[in-house]
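A.B. asks: First the structure, which I've put down as structure tokens, then a few questions once you've had a look.
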Amino acid sequence: MTSRDKKLWQEMPSLPDFNYVSGEVYTQPEIFKKEQDKIFSKTWHFVCHESELSKLYDYRVYDYTGKSIFSIRGEDGIVRSFFNVCSHRGAKLFSMPSGNAKRIKCFYHHWMYNSKGACTGIPRPSAYSDTEVKKEKMGLREIRTEVYLGMIFINLSDESENLHSYIGNALDDLSETMSMQPLEVFHYNKILIHSNWKAWQETNMDIYHEFMHVVLRKTQVNAMPMEDRKLSIFKNGHGGSGASLKASYTNYKGFANRKDEVGPLPGMSVSDFKFMNIFPSLTIIARGTAIRIDNVIPLTPHTAVIEMRGIGVMGESDEDRRARQKHHNQYWGPFGRNVPEDIIAAESCAESYRGSAGKYQIISRDEDGTGQDDIILRSFYSEWALHLGINPGSLKEIK
Amino acid sequence: MSNEEIRNIILLSCNSLDDHDFEGFLNLCVKGFKYTIKVFSPELLKDMVWLEHDYEGLKVLFEELPDHLQRNEKISRQLSYPLVETSAKKIKVTTNFCVYKTDLDGKSSIFCIGNYIDNVCYINNKYFLKERVVHLETRDLGIGLHVPI
Ligand code: FES
Ligand SMILES: [Fe+2]
């Protein structure tokens, strides 16, 4: 018999733990809630690049775990983050996604705050006299904020380890590329996808799906021997390329001229390709001449927002910027070759698990950490299990 | 010179893209044609370029399309009445668009809105597209699109 009946289809794969994942991890509301409490409320979350807050008092507003939050570069140059919520009666302080505000005035009753989150003014305060409602006590809720390689992160927990320790060595291989020259975001867009956030993040960790993208079939699969492609995993569930992978752009007509169009970023050649996933939801991909930072934010078990940033060199010539933008867009723009295909994949798998037609997904490829090994996915789900206390395959509690 | 003929070029260009008649689209363009999609980002407070191609670049893109994974939704470009402004130097045509997608179940929804700023030229008694700049309002394009708007 080659097909499987109901019983066989529902049988757990006879594979070791973390080599398969139950479809219910994408659909169960209780699991989603646990992820919010035990992962997203405790791990470091990338919010923007420092170039988005280049001047004093520049701010960026974003949503995370259902909360509106802003980060602002204070008068002392330090970036801090706060709930975008007035201490008085909860109005949102900022309505635009970005801007510059030396003083933060709530539109509703005009309470005032400064860039360090202190409440600096309450109109007609005498009506609160003899109570705790005084500006010294009405500061904003501050959120831990740290910076790594120009990337600004927040953490909703006051107890978690610091960002440098959390990232560990995972970004060492990208550090030259991301720190030798000041970088700048030239592309930003957000996309609502109809899939669980993990199905998206898997597209960034599953290197086996090179077969889906014609560009990668042509430029990557045969660009170097599979056994020479090193993948790496790090503590805290991070994982990506261990050393530069290679792409042969001449094999895809539309990309053939990449090497003549703009110089590579520091620490890379034009044909180099590096990527790193920072658990749970951040991916940095550098392709010789341009960088993508992509971040997925869960909304519901069945929806998520992906945020895409394209990064170039600050102050570069218009000609270089155009070429870098082009290289970025070729893969990763909304009209690019790869990202639309990745969204189709994430939404397609999500649909199968939503209707429980899909039962398990298999992540057991073993190539000794090279080629198209699933090692990064397994490391992700091992970390996920540590946080949730659930085995992602059997859904049994881990003691 | 006839404004009606000019407007027809805009309509034909959209019909040919809708029909995936890419050769037909390129036949409406001069060899020096330039195509750009621009979008303003309120997050970055600047214009972004999401696609930029010359005639040859588009030709290659069109040739490679059949190998790409696509969802086969039907894309339909609906246009406003094109505004033609003619000066001694150029013919500028501004057209607002609303692009719908219809999925395989037959459900239509808005894919994006924006406008075309087209630069049209007149060669050997015929009109051609010389440049198209697409200004998109919509920034969340869902799965996006492999085909120019
Ligand atoms: S809600 Fe902000 S001042 Fe009243
Ligand atoms: Fe992909």
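Convention: chains lettered A, B, ... in structure tokens order; per-chain residue numbering from 1; ligands numbered from 1 as shown.
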Quick one: everything within 9 Å of Leu61 (chain B), counting only C-alpha atoms, minus sequence neighbours fewer than 5 positions away in the same chain. Send it as an mmCIF file with N, CA, C and O atoms, in the first residue's frame.
C.D. replies:
data_model
loop_
_atom_site.group_PDB
_atom_site.id
_atom_site.type_symbol
_atom_site.label_atom_id
_atom_site.label_comp_id
_atom_site.auth_asym_id
_atom_site.auth_seq_id
_atom_site.Cartn_x
_atom_site.Cartn_y
_atom_site.Cartn_z
ATOM 1 N N LYS A 253 19.241 34.775 -15.842
ATOM 2 C CA LYS A 253 19.472 35.858 -16.789
ATOM 3 C C LYS A 253 19.263 37.250 -16.174
ATOM 4 O O LYS A 253 20.099 38.130 -16.325
ATOM 5 N N GLY A 254 18.163 37.396 -15.446
ATOM 6 C CA GLY A 254 17.847 38.719 -14.917
ATOM 7 C C GLY A 254 18.809 39.225 -13.866
ATOM 8 O O GLY A 254 18.862 40.418 -13.583
ATOM 9 N N GLU B 56 14.948 46.294 -21.849
ATOM 10 C CA GLU B 56 15.586 44.973 -21.870
ATOM 11 C C GLU B 56 15.320 44.223 -20.579
ATOM 12 O O GLU B 56 15.077 43.013 -20.580
ATOM 13 N N HIS B 146 4.569 39.087 -9.411
ATOM 14 C CA HIS B 146 5.767 38.961 -10.239
ATOM 15 C C HIS B 146 5.695 39.841 -11.488
ATOM 16 O O HIS B 146 6.679 40.015 -12.185
ATOM 17 N N VAL B 147 4.502 40.352 -11.760
ATOM 18 C CA VAL B 147 4.284 41.116 -12.998
ATOM 19 C C VAL B 147 4.212 42.604 -12.637
ATOM 20 O O VAL B 147 3.649 42.953 -11.615
#
A.B. asks: Would you mind listing the residues within 8 Å of ligand 2, counting only C-alpha atoms and all ligand atoms, as a ChimeraX atom specification?
C.D. replies: /A:203-204,207,209-210,212-213,338-339,341-342
A.B. asks: Please save C-alpha atoms of the selected residues as a tab-separated table (two decimals), in the first residue's frame.
C.D. replies:
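This is the output file result.tsv:
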chain	number	residue	atom	x	y	z
A	203	THR	CA	10.70	29.71	5.19
A	204	ASN	CA	13.73	31.51	6.60
A	207	ILE	CA	17.14	25.79	3.20
A	209	HIS	CA	13.06	24.79	-0.16
A	210	GLU	CA	15.64	26.21	-2.56
A	212	MET	CA	10.74	26.03	-4.89
A	213	HIS	CA	12.41	29.23	-6.11
A	338	ASN	CA	11.45	35.13	-3.96
A	339	VAL	CA	9.36	36.71	-1.21
A	341	GLU	CA	6.83	32.62	-3.46
A	342	ASP	CA	7.70	32.26	0.23
A.B. asks: Which neighbours of Phe32 (chain A) fall inside 10 Å, counting only C-alpha atoms, when residues of the same chain fewer than 5 positions from it are skipped, and could you give them as a list in words?
C.D. replies: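 Residues near the query, excluding close chain neighbours: Val25, Tyr26, Thr27, Asp37, Lys38, Asn196, Trp197, Pro298, Leu299, Thr300, Pro301 and His302 of chain A.
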A.B. asks: Would you give me, as a tab-separated table, each residue of chain A having an atom within 8 Å of an atom of ligand 1, along with its shortest atom pair and that distance in Å to one decimal, using only C-alpha atoms and all ligand atoms and sorting by chain and residue number?
C.D. replies:
residue	atom	partner	partner_atom_place_in_ligand_line	distance
A:Val85	CA	ligand 1	2 (Fe)	7.8
A:Cys86	CA	ligand 1	2 (Fe)	4.6
A:Ser87	CA	ligand 1	2 (Fe)	6.6
A:His88	CA	ligand 1	1 (S)	4.7
A:Arg89	CA	ligand 1	1 (S)	3.9
A:Gly90	CA	ligand 1	1 (S)	5.0
A:Ala91	CA	ligand 1	1 (S)	4.5
A:Lys92	CA	ligand 1	2 (Fe)	7.5
A:Leu93	CA	ligand 1	2 (Fe)	7.2
A:Lys105	CA	ligand 1	3 (S)	7.8
A:Cys106	CA	ligand 1	2 (Fe)	4.6
A:Phe107	CA	ligand 1	2 (Fe)	6.4
A:Tyr108	CA	ligand 1	4 (Fe)	4.8
A:His109	CA	ligand 1	3 (S)	3.6
A:His110	CA	ligand 1	3 (S)	4.7
A:Trp111	CA	ligand 1	3 (S)	4.3
A:Met112	CA	ligand 1	3 (S)	7.7
A:Ile122	CA	ligand 1	3 (S)	7.8
A.B. asks: Quick one: residues within 6 Å of Ile75 (chain B), only C-alpha atoms counted, chain neighbours fewer than 2 positions away excluded, as a PDB file with all heavy atoms, in the first residue's frame?
C.D. replies:
ATOM      1  N   ASP B  18      -2.894  42.818 -18.216  1.00  0.00           N
ATOM      2  CA  ASP B  18      -3.961  41.962 -17.659  1.00  0.00           C
ATOM      3  C   ASP B  18      -3.984  40.592 -18.343  1.00  0.00           C
ATOM      4  O   ASP B  18      -4.184  39.564 -17.701  1.00  0.00           O
ATOM      5  CB  ASP B  18      -5.347  42.602 -17.880  1.00  0.00           C
ATOM      6  CG  ASP B  18      -5.635  43.733 -16.900  1.00  0.00           C
ATOM      7  OD1 ASP B  18      -4.794  43.987 -16.013  1.00  0.00           O
ATOM      8  OD2 ASP B  18      -6.708  44.367 -17.037  1.00  0.00           O
ATOM      9  N   TYR B 100      -7.686  45.094  -9.204  1.00  0.00           N
ATOM     10  CA  TYR B 100      -8.403  44.039  -8.479  1.00  0.00           C
ATOM     11  C   TYR B 100      -7.725  42.703  -8.737  1.00  0.00           C
ATOM     12  O   TYR B 100      -7.127  42.496  -9.783  1.00  0.00           O
ATOM     13  CB  TYR B 100      -9.848  43.940  -8.966  1.00  0.00           C
ATOM     14  CG  TYR B 100     -10.663  45.168  -8.680  1.00  0.00           C
ATOM     15  CD1 TYR B 100     -10.651  46.264  -9.540  1.00  0.00           C
ATOM     16  CD2 TYR B 100     -11.439  45.234  -7.520  1.00  0.00           C
ATOM     17  CE1 TYR B 100     -11.390  47.409  -9.254  1.00  0.00           C
ATOM     18  CE2 TYR B 100     -12.175  46.367  -7.239  1.00  0.00           C
ATOM     19  CZ  TYR B 100     -12.153  47.450  -8.100  1.00  0.00           C
ATOM     20  OH  TYR B 100     -12.880  48.562  -7.806  1.00  0.00           O
ATOM     21  N   LYS B 101      -7.843  41.806  -7.776  1.00  0.00           N
ATOM     22  CA  LYS B 101      -7.440  40.426  -8.059  1.00  0.00           C
ATOM     23  C   LYS B 101      -8.657  39.541  -7.845  1.00  0.00           C
ATOM     24  O   LYS B 101      -9.484  39.799  -6.948  1.00  0.00           O
ATOM     25  CB  LYS B 101      -6.269  39.987  -7.187  1.00  0.00           C
ATOM     26  CG  LYS B 101      -6.542  40.035  -5.716  1.00  0.00           C
ATOM     27  CD  LYS B 101      -5.359  39.497  -4.918  1.00  0.00           C
ATOM     28  CE  LYS B 101      -5.719  39.511  -3.436  1.00  0.00           C
ATOM     29  NZ  LYS B 101      -4.681  39.032  -2.581  1.00  0.00           N
TER      30      LYS B 101
END
